[in-house]
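*Asks:* Input: one structure, supplied below.
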Number of protein chains: 2
Amino acid sequence: MAARTTSRKTRARAPARGASPASRTTVEGTRVGAATRKHTINDIARLANVSKKTVSRVLNESPFVREATRARVSEIMQKVSYTPDPQARGLAFRRSFLIGLVYDNPNAQYIVNIQEGVLGAIRRSGYELVVHPCDRTSATFLAEVKSFINRQKLDGVILLPPISEDQALARALKEMNCSYIRVLAVPLDEPSNIVLAMDRDAARQVAEHLAKLGHNRIALITGPPGYRSAHERLSGFSDALGDHGLTLPAEYVVEGAYTFDSGFAGAEILLSRFPRPTAIFACNDEMAAGVYKAAYLKGLRVPSDLTVVGYDDSPLASRIWPSLTTVRLPIRDMGRIAAERLIAKIQRLEGPAPSASTVFPHLVVRDSSTRPPA
Amino acid sequence: MAARTTSRKTRARAPARGASPASRTTVEGTRVGAATRKHTINDIARLANVSKKTVSRVLNESPFVREATRARVSEIMQKVSYTPDPQARGLAFRRSFLIGLVYDNPNAQYIVNIQEGVLGAIRRSGYELVVHPCDRTSATFLAEVKSFINRQKLDGVILLPPISEDQALARALKEMNCSYIRVLAVPLDEPSNIVLAMDRDAARQVAEHLAKLGHNRIALITGPPGYRSAHERLSGFSDALGDHGLTLPAEYVVEGAYTFDSGFAGAEILLSRFPRPTAIFACNDEMAAGVYKAAYLKGLRVPSDLTVVGYDDSPLASRIWPSLTTVRLPIRDMGRIAAERLIAKIQRLEGPAPSASTVFPHLVVRDSSTRPPA
DNA sequence: CTGAAAGCGCTTACAG
DNA sequence: CTGAAAGCGCTTACAG
């Protein structure tokens with residue numbers, strides 16, 4: 001009963017068909033209340049005394065409009081705060097003006113920061129962002145992402161690690177003719193398709209920091225082997241140690257999984273080695289927090305007995321005690337750059353030489369690193 | 001030069017006008033490559049030998065279709081994996097099938113969990129989620145949110161705390177006839193418009209936990225006064241202590257800001273009181289982490305010298321050392337429920353008695369709480 | 001139960 | 001530089 005009433009109300013709200021167009025057009029434009037109807041391109045055309053096509057031209061910044069005409073039309077659009085209907089534009093353009101953020105990443109802070117960067121970049125672009133977390137371990141992963149893109153006719157997508165490393169996915173997008181930008185630690189694609197974070201370079205900074213402090217028994221907890229970033233951090237770190245005459249013996253390297261528990265387990269192994277390492281570089285902050293726990297349980301103090309360095313500068317890093325020396329990624333910038341490039345691609349405005357967008361993380365020294373115990 | 005070429009290519013990709021419709025319809029439906037054109041309602045109609053209106057009816061689950069007809073049409077839609085074009089539907093329905101997530105919340109984990117809950121709920125609903133962080137301290141806040149909703153013709157929005165507590169915003173949405181759901185700690189709106197988290201109840205559990213452990217010098221670091229959740233936690237906690245014959249003296253209450261630093265500062269004050277409290281309830285985990293820091297600096301050990309309890313069960317809670325006793329909110333569920341209710345509202349299927357959706361956080365006891373020192 | 005016509009608000013293709 | 005016509009893929013309003 002109640003339901004019927006409501007549904008009838010819904011009907012009633014739809015604008016009457018035969019209403020004279022003129023009757024619903026006022027320059028002020030706002031009839032108060034729910035019934036307010038947005039201005040259309042026809043209203044603007046009538047108000048400006050031009051055809052709707054001309055309005056369309058100024059909307060799309062066509063050069064073939066006389067300056068006076070453009071000014072008049074623009075002014076009226078301003079006055080009634082007209083914005084073209086995205087659905088109608090989308091239908092006519094056969095595009096959605098939607099871009100997707102596709103990810104499978106456990107790091108909430110990373111996601112939110114990327115989102116903010118992206119949203120900042122698309123603010124006045126006419127595009128909107130739809131988010132799409134997914135599960136790359138699912139059997140239907142690829143089909144599912146493709147169906148998402150097709151269903152919404154997305155104009156483009158931004159891919160975050162680790163799924164940004166998936167070559168099959170990138171191939172599929174290319175085949176669908178869907179523009180994309182991959183956020184990566186290694187150049188797995190044409191420069192114009194990626195935003196590159198120089199993890200290798202940052203890992204090098206960590207190595208130099210430890211070397212300068214005088215450590216020579218340095219251990220490493222890596223990321224999971226499936227992640228390119230893990231490999232970059234490992235090899236960048238190892239190479240830089242070598243440059244300083246230091247080695248990274250196999251007993252001082254354990255494989256982690258970017259999780260707290262794996263950091264804890266890894267540290268338990270490393271701290272039972274003899275001689276014990278004086279410094280541990282955990283390839284992310286989660287694992288570094290696990291190292292703290294293992295150290296405390298063994299009665300070791302950070303940093304006087306053990307130096308610990310993390311990676312990410314997550315909120316955790318400055319909240320644990322002692323505060324963690326770590327690497328900060330400009331995540332928000334990465335989101336912004338990815339969005340800017342994506343929109344440029346969609347609009348075919350890449351410019352003549354689409355070079356790689358490279359972004360440099362840097363070391364943030366806090367209280368968890370000091371000289372090795374005497 | 002390059003740009004011109006590309007732009008011409010874009011043109012070329014648009015389907016030829018005069019192409020015979022039959023020529024582009026195959027039951028398999030997938031011409032490989034970029035030129036693949038999605039099936040339209042006309043294709044399905046032709047294939048099924050019915051009018052497009054009938055296809056539209058089965059699409060919208062109208063009861064006025066013969067079962068045999070419906071089956072045939074459905075089967076064909078399945079076979080060619082037809083999905084209606086969201087832009088076209090949106091234009092004809094005068095709706096966008098988009099729902100917005102509007103928030104101004106520093107807690108990334110909260111946002112991401114809500115998002116996941118929402119996305120899970122709308123998965124097969126035909127709706128898509130667009131996220132919209134905003135700044136409630138901005139002078140143009142209200143206008144900005146309204147313009148976002150109008151521009152995208154959102155069907156509805158989900159409001160997260162603290163902006164969900166903004167009565168002016170809710171009023172504005174009501175005036176715009178925009179459906180909304182507010183995630184709240186207090187019933188500031190009609191039951192059908194809110195998802196209610198019983199913070200008061202959870203704070204009570206914390207008080208009972210501390211009372212049972214035998215604490216009688218219990219201190220509190222509140223949230224910022226602008227937050228309703230802060231008030232609920234405070235009064236729920238205080239009331240429950242009273243029920244156990246305990247008091248919360250003014251010297252044992254300091255105002256926090258839900259930040260690490262404010263937790264640290266608050267704890268420094270509390271730990272300099274005489275007699276010193278044996279337990280501190282920090283109204284979120286961030287502040288609890290700040291309490292840890294203050295305790296360590298004072299040479300106090302958690303929990304043997306000082307019991308600490310937080311709120312949120314953020315990732316931080318299980319990663320700091322010792323692991324933090326805290327309150328877990330079913331955030332993901334809250335997102336799911338909010339989305340389900342919102343869609344029901346949009347579709348006017350609320351049912352006869354739209355009651356409040358209430359969600360109960362619960363205490364998670366870990367290692368930071370124990371009996372008071374002898 | 002089913003369909004032909006007109007329309008949603010924008011665009012492209014063509015003609016001037 | 002400007003406009004009238006037709007179309008994007010779907011719906012509503014009406015008629016049978």
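Labels for the structure tokens follow display order: chains A, B, ..., residues from 1 in each chain, ligands from 1.
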Could the residues of chain C within 8 Å of chain A, counting only C-alpha atoms (C1' of nucleotides), be given as a list in words, please?

*Replies:* DC8, DG9, DC10 and DT11 of chain C

*Asks:* List every residue of chain A that has an atom at most 6 Å from any atom of chain B, and for each one report the closest atom pair and its distance in Å to one decimal, counting only C-alpha atoms, with rows sorted by chain and then by increasing residue number, as a tab-separated table.

*Replies:*
```
residue	atom	partner	partner_atom	distance
A:Gly33	CA	B:Glu175	CA	5.9
A:Ala34	CA	B:Asn177	CA	5.4
A:Gln87	CA	B:Gln87	CA	4.7
A:Ala88	CA	B:Leu91	CA	6.0
A:Leu91	CA	B:Gln87	CA	5.5
A:Ala108	CA	B:Gln109	CA	5.3
A:Gln109	CA	B:Ala108	CA	5.3
A:Val112	CA	B:Ala108	CA	5.9
A:Leu129	CA	B:Val130	CA	5.8
A:Val130	CA	B:Val130	CA	4.8
A:Glu175	CA	B:Gly33	CA	5.7
A:Met176	CA	B:Ala34	CA	5.4
A:Asn177	CA	B:Ala34	CA	5.3
```

*Asks:* For the structure I just gave you, how does DSSP split range 185-217 of chain B - specifically, which residues are alpha helix (DSSP H)? Reply as a PyMOL selection string.

*Replies:* chain B and resi 199-213

*Asks:* Please save N, CA and C atoms of the selected residues as an mmCIF file, in the first residue's frame.

*Replies:*
```cif
data_model
loop_
_atom_site.group_PDB
_atom_site.id
_atom_site.type_symbol
_atom_site.label_atom_id
_atom_site.label_comp_id
_atom_site.auth_asym_id
_atom_site.auth_seq_id
_atom_site.Cartn_x
_atom_site.Cartn_y
_atom_site.Cartn_z
ATOM 1 N N ASP B 199 28.343 3.334 19.427
ATOM 2 C CA ASP B 199 29.583 3.677 20.109
ATOM 3 C C ASP B 199 29.398 3.700 21.620
ATOM 4 N N ARG B 200 28.261 4.198 22.018
ATOM 5 C CA ARG B 200 27.966 4.283 23.447
ATOM 6 C C ARG B 200 28.074 2.902 24.102
ATOM 7 N N ASP B 201 27.485 1.948 23.419
ATOM 8 C CA ASP B 201 27.471 0.588 23.927
ATOM 9 C C ASP B 201 28.890 0.020 24.022
ATOM 10 N N ALA B 202 29.682 0.313 23.012
ATOM 11 C CA ALA B 202 31.045 -0.210 22.996
ATOM 12 C C ALA B 202 31.886 0.431 24.108
ATOM 13 N N ALA B 203 31.692 1.714 24.305
ATOM 14 C CA ALA B 203 32.437 2.402 25.359
ATOM 15 C C ALA B 203 32.080 1.795 26.724
ATOM 16 N N ARG B 204 30.827 1.400 26.830
ATOM 17 C CA ARG B 204 30.370 0.723 28.051
ATOM 18 C C ARG B 204 31.162 -0.585 28.269
ATOM 19 N N GLN B 205 31.353 -1.317 27.188
ATOM 20 C CA GLN B 205 32.118 -2.566 27.306
ATOM 21 C C GLN B 205 33.539 -2.305 27.800
ATOM 22 N N VAL B 206 34.113 -1.217 27.321
ATOM 23 C CA VAL B 206 35.466 -0.879 27.768
ATOM 24 C C VAL B 206 35.465 -0.618 29.270
ATOM 25 N N ALA B 207 34.494 0.157 29.712
ATOM 26 C CA ALA B 207 34.403 0.477 31.145
ATOM 27 C C ALA B 207 34.267 -0.791 31.972
ATOM 28 N N GLU B 208 33.420 -1.701 31.501
ATOM 29 C CA GLU B 208 33.209 -2.944 32.240
ATOM 30 C C GLU B 208 34.479 -3.791 32.293
ATOM 31 N N HIS B 209 35.177 -3.806 31.169
ATOM 32 C CA HIS B 209 36.435 -4.548 31.110
ATOM 33 C C HIS B 209 37.415 -4.011 32.156
ATOM 34 N N LEU B 210 37.547 -2.702 32.209
ATOM 35 C CA LEU B 210 38.491 -2.100 33.151
ATOM 36 C C LEU B 210 38.039 -2.312 34.597
ATOM 37 N N ALA B 211 36.745 -2.187 34.811
ATOM 38 C CA ALA B 211 36.225 -2.390 36.170
ATOM 39 C C ALA B 211 36.494 -3.815 36.628
ATOM 40 N N LYS B 212 36.234 -4.743 35.737
ATOM 41 C CA LYS B 212 36.424 -6.161 36.094
ATOM 42 C C LYS B 212 37.876 -6.476 36.398
ATOM 43 N N LEU B 213 38.772 -5.785 35.716
ATOM 44 C CA LEU B 213 40.200 -6.027 35.962
ATOM 45 C C LEU B 213 40.614 -5.464 37.321
#
```

*Asks:* Could you go through range 47-211 of chain A and tell me which residues DSSP, when run on the backbone, assigns to strand (DSSP E), listing them as a count of residues only?

*Replies:* 26

*Asks:* Could you please determine the separation between CA of Ser74 in chain A and C1' of DC1 in chain D in Å, to one decimal place?

*Replies:*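 Answer for the CA of Ser74 in chain A to C1' of DC1 in chain D separation: 16.7 Å.
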
*Asks:* Show me, as a count of residues only, the residues that have an atom within 12 Å of range 2-6 of chain D when counting only C-alpha atoms (C1' of nucleotides), minus same-chain residues fewer than 4 positions from it.

*Replies:* 22

*Asks:* Just give me the gap between CA of Lys298 in chain B and CA of Pro303 in chain A in Å, one decimal is fine.

*Replies:*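 Spanning CA of Lys298 in chain B to CA of Pro303 in chain A is a straight-line distance of 18.2 Å.
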